[in-house]
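Structure first, commentary second.
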Amino acid sequence: MAAETAVTSGWIEDFRRASDEDAELQAHGRYYSCAYLLDMEEHSYLVQMHAGKVEEILEDPGPLDDRYQFIIRASAETWRGFGQETPPPMHHGIFAAAFRTDLSLEGDLLVLMQNLRCVVRQIELLRQTGVPV
């Protein structure tokens with residue numbers, strides 16, 4: 001269990017760094033402030049963004065830990081596809097995966113659409129950081 005925690009905390013820091021240092025995300029992210037849940041079946045991650053920077057990432061948050069506006073939910077296998085350097089078919093974007101795999105978008109989808117380019121860019125950054133499942 002300790003090795004799994006080390007892998008997860010390493011991923012959280014890698015994802016934070018990749019997001020905060022990404023030129024495209026910073027160019028579009030001035031008003032990117034929201035919280036969303038990445039549900040990866042085996043683990044979930046609550047990502048809190050403020051003005052284009054990662055404010056906090058909580059691993060496996062409880063129902064009362066914090067609030068989020070929307071959820072991107074998929075199986076661990078689908079997330080692993082997103083994390084490959086060259087994603088397999090239907091794992092190159094959230095809408096392709098929603099139409100052809102088990103990915104679902106839930107919650108306040110208006111907030112997702114208002115921040116779509118930044119959220120999509122963070123999903124693309126999984127190709128650099130990998131996924132923790």
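Convention: chains lettered A, B, ... in structure tokens order; per-chain residue numbering from 1; ligands numbered from 1 as shown.
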
**Report entry** Residue neighbourhood Cys34 of chain A, 7 Å, only C-alpha atoms, exclusion window fewer than 3 positions, as a list of chain:residue names
**Finding:** A:Gln48, A:Met49, A:His50, A:Gln69

Residues within 7 Å of segment 19-26 of chain A, only C-alpha atoms, excluding chain neighbours under 6 positions, as a compact mmCIF listing (two decimals) with N, CA and C atoms, in the first residue's frame:
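Below is the file that was written, part-v3.txt:
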# COMPACT_ATOMS: atom_id res chain seq x y z
N GLY A 52 -6.26 29.19 -13.64
CA GLY A 52 -5.36 28.43 -14.50
C GLY A 52 -4.28 27.65 -13.78
N LYS A 53 -4.27 27.66 -12.48
CA LYS A 53 -3.27 26.92 -11.69
C LYS A 53 -3.97 25.87 -10.83
N VAL A 54 -3.27 24.77 -10.62
CA VAL A 54 -3.80 23.72 -9.75
C VAL A 54 -3.70 24.21 -8.30
N CYS A 118 -9.41 24.16 -21.56
CA CYS A 118 -8.44 23.91 -20.48
C CYS A 118 -8.57 22.49 -19.93
N ARG A 121 -7.09 20.16 -22.43
CA ARG A 121 -5.63 20.24 -22.38
C ARG A 121 -5.08 19.45 -21.20
N GLN A 122 -5.73 19.52 -20.05
CA GLN A 122 -5.26 18.74 -18.91
C GLN A 122 -5.36 17.24 -19.18

Report summary line: In terms of only C-alpha atoms, the residue from A:Leu125, A:Ala74, A:Leu105, A:Leu116 at minimal distance from Asp39 of chain A is A:Ala74

Report task. Go through A:Leu58, A:Ala35, A:Leu103, A:Leu126 and flag the residue nearest Met90 of chain A, using only C-alpha atoms for the distances. Result ->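 Of all the options, A:Leu103 lies closest to Met90 of chain A.
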
**Report entry** Which residue of A:Leu37, A:Leu112, A:Ile57, A:Arg30 approaches Ser9 of chain A most closely, using only C-alpha atoms
**Finding:** A:Ile57

Query raised in the report: What is the distance, in Å and to one decimal place, between atom CA of Gly83 of chain A and atom CA of Val131 of chain A?
Result: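 We find that atom CA of Gly83 of chain A and atom CA of Val131 of chain A lie 5.6 Å from each other.
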
Quick check for you: according to DSSP on this backbone, which residues of segment 3-81 of chain A are classed as strand (DSSP E)? Reply as a CSV table (one decimal) with C-alpha atoms, in the first residue's frame.
chain,number,residue,atom,x,y,z
A,34,CYS,CA,-13.5,25.2,-11.1
A,35,ALA,CA,-13.3,21.9,-9.4
A,36,TYR,CA,-13.9,18.5,-11.1
A,37,LEU,CA,-13.5,14.9,-10.3
A,38,LEU,CA,-11.6,12.4,-12.4
A,39,ASP,CA,-13.2,9.1,-11.6
A,44,SER,CA,-10.7,9.2,-8.0
A,45,TYR,CA,-9.0,12.6,-8.0
A,46,LEU,CA,-10.7,15.9,-7.2
A,47,VAL,CA,-8.8,18.6,-9.1
A,48,GLN,CA,-9.3,22.2,-7.9
A,49,MET,CA,-8.3,24.9,-10.3
A,50,HIS,CA,-8.0,28.6,-9.7
A,53,LYS,CA,-3.3,26.9,-11.7
A,54,VAL,CA,-3.8,23.7,-9.7
A,55,GLU,CA,-4.9,24.8,-6.3
A,56,GLU,CA,-5.2,21.3,-4.9
A,57,ILE,CA,-5.6,17.6,-5.9
A,58,LEU,CA,-7.3,15.3,-3.5
A,59,GLU,CA,-7.0,11.5,-3.9
A,70,PHE,CA,-18.6,18.0,-12.8
A,71,ILE,CA,-17.2,14.4,-13.1
A,72,ILE,CA,-15.3,12.8,-15.9
A,73,ARG,CA,-15.9,9.1,-15.2

Report task. Would you mind reading off the distance between atom CA of Pro89 of chain A and atom CA of Tyr32 of chain A, one decimal, in Å? Result ->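 Computed distance, atom CA of Pro89 of chain A to atom CA of Tyr32 of chain A, equals 28.5 Å.
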
Neighbour list for Glu77 of chain A as a compact mmCIF listing (two decimals) with N, CA and C atoms, in the first residue's frame, cut-off 9 Å, only C-alpha atoms, skip fewer than 2 positions in-chain:
# COMPACT_ATOMS: atom_id res chain seq x y z
N MET A 40 -11.47 7.36 -11.94
CA MET A 40 -10.70 6.40 -12.72
C MET A 40 -10.98 4.97 -12.29
N GLU A 41 -12.16 4.72 -11.74
CA GLU A 41 -12.62 3.41 -11.31
C GLU A 41 -11.89 2.93 -10.06
N ALA A 74 -14.69 7.15 -16.08
CA ALA A 74 -14.40 6.08 -17.04
C ALA A 74 -13.69 4.94 -16.31
N SER A 75 -13.60 3.82 -16.97
CA SER A 75 -12.89 2.68 -16.40
C SER A 75 -11.39 2.97 -16.37
N TRP A 79 -8.85 5.18 -19.00
CA TRP A 79 -7.88 6.19 -18.57
C TRP A 79 -6.46 5.81 -18.98
N ARG A 80 -6.15 4.52 -18.91
CA ARG A 80 -4.81 4.08 -19.34
C ARG A 80 -4.60 4.39 -20.83
N GLY A 81 -5.66 4.29 -21.61
CA GLY A 81 -5.58 4.66 -23.02
C GLY A 81 -5.26 6.14 -23.19
N PHE A 82 -5.88 6.99 -22.39
CA PHE A 82 -5.59 8.42 -22.43
C PHE A 82 -4.14 8.71 -22.08
N VAL A 133 -3.60 4.78 -12.38
CA VAL A 133 -4.39 3.55 -12.21
C VAL A 133 -3.86 2.49 -13.17
